[in-house]
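Asks: Take a look at this one; I'll ask things after.
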Amino acid sequence: MNTKDVTVTKGIVRISPMLAAQHPPAREESTTAPLLSELVSHLRESRTQLREEWARRITLAQLLTAMSEDEIFAEATSVYDNYVEALATGTFEALQAYSRNLSERIIPRGVETHEVVGIVLLLRDVMARSLFAKYHEDFTQLNRILDAYEPAANRIANTVAVGFVQERERIILQQQEAIRELSTPVLQVRERLLILPIIGVIDPHRARQLTEQLLRAIRTNRAKVVVIDITGVAAMDANVANHLVQTVEAARLLGATVIVTGLSPEIAQTLVTIGVDLSEMATVGDLQGGIEEAERLLGYKVLPLVEVGTQS
Amino acid sequence: MEVPILKQGQYLIASIQSALTDADLSQLREALIAQVGRYRARGVIVDVTALDVMDSFAVRTLRDVTHMARLRGSETVIVGIQPEVAFAMVQLGLTLKGVATALDLEEGLAFLNQQARARVDHAR
């Protein structure tokens, strides 16, 4: 939570010099305050009308299609109130918290980044238009009101969009972690025989995690033979190959023999071309062959029941 | 700290209890090689379960013990290397090539018994 707040603040800090450049004199700062309060009271007065207009435009632009009209209207009301509140107070914490909360609710329903940015920009547009309508006779006053409105509105749009994107990133990170956990099972198929099927891309982080998990499993299951099946690995580079060799050696230090199975033609070619030394590694063509070899090492012999009957 | 060396049948068991200095390691090596001859041991087990670090000197000493003991007619097996230690060792390139390893004392004894049986089979 804390780091998120900091990044958001950073985003705002990064933008404010630009805004300051647009409005250099400090004198104008002091004059914007009454303008802002005038603006806020206008927005509060036309609350009902503007948020209806906004909700209508959202539906018209076919944004937030995952939500029903009633839901859109309810969210529009809260966003509107938070928006006006942020304009009035100049503080964004409440809006930040609300946008985070909103993102948490709508992301699982498949709302996209462009939709969130879209609705915030729409609200900005709806409000600006109502200002045009109100001040169209007094052009100087309109200009001054817009000067006060624009930076604050930009900041608000920025806060909401950044909050949404951060929430998305957090969820993606969480899911990546979950996939990592799921994707590296170490299975015992016989007493003292483990198999480790590897599927997907191996990056250095995952390779390390795989090794740690395997070594721990060897110890807890008292394994003597491990079959690592890499049928599901599409590509392998020198780093990953070297890591595999290291894993084999580390397993041997724990007294376990490792058999690697399922090297695809592409991987075999890459490994030989880049010159990884695999002389220490026992490899067998497929998983079946690997398990048969492992059973032989462990002293098992698998026979069909019929043959067992004739033997005895 | 001196490492106790126990005699169990035809085997010698050196059980390292705490981190060792280089001098301790050298002393262990000399004691083991001397006792292999004295007790006519057929096998040596070095138990390193208690070690959470293995540096290059320790690895070299263990490898030397293995080769020296083999010259005096005894097989050596290193047992109880921790998973973290094993991984750290291979990352440093300390892979104990040509040295037998086993999960723990029990596995080490099983390995030596199997070696002895293989020798008997071979002799027949």
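Ordered as shown in the structure tokens, chains take letters A, B, and onward, while each chain numbers its residues from 1 and ligands are numbered from 1 in the order shown.
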Extract, using only C-alpha atoms, all DNA, RNA and protein residues at most 9 Å from segment 27-29 of chain B, discarding same-chain residues fewer than 5 positions from it, and format them as a ChimeraX atom specification.
Replies: /B:2-5,14,22,34,61-62,64-65
Asks: Give as a count of residues only every residue of chain B that touches chain A within 12 Å, counting only C-alpha atoms.
Replies: 38
Asks: Record the distance separating atom CA of Leu112 of chain B and atom CA of Ser279 of chain A, expressed in Å with one decimal.
Replies: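 Atom-to-atom, atom CA of Leu112 of chain B to atom CA of Ser279 of chain A, that is 25.8 Å.
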Asks: Would you mind telling me which residue in A:Glu38, A:Leu271, A:Tyr98, A:Asn221 lies nearest to Leu142 of chain A when using only C-alpha atoms?
Replies: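 Result for the nearest residue to Leu142 of chain A: A:Glu38.
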Asks: Contacts of Thr21 of chain B at 10 Å or less, counting only C-alpha atoms, minus same-chain residues fewer than 5 places along, as number ranges by chain?
Replies: B: 1, 26-27, 57-58
Asks: Select from segment 142-222 of chain A everything DSSP, run on the backbone, classes as strand (DSSP E), then give the selection as a PyMOL selection string.
Replies: chain A and resi 187-190+193-199
Asks: As a ChimeraX atom specification, please: every residue in chain B that a backbone DSSP assignment puts in alpha helix (DSSP H).
Replies: /B:22-38,56-71,83-91,105-123
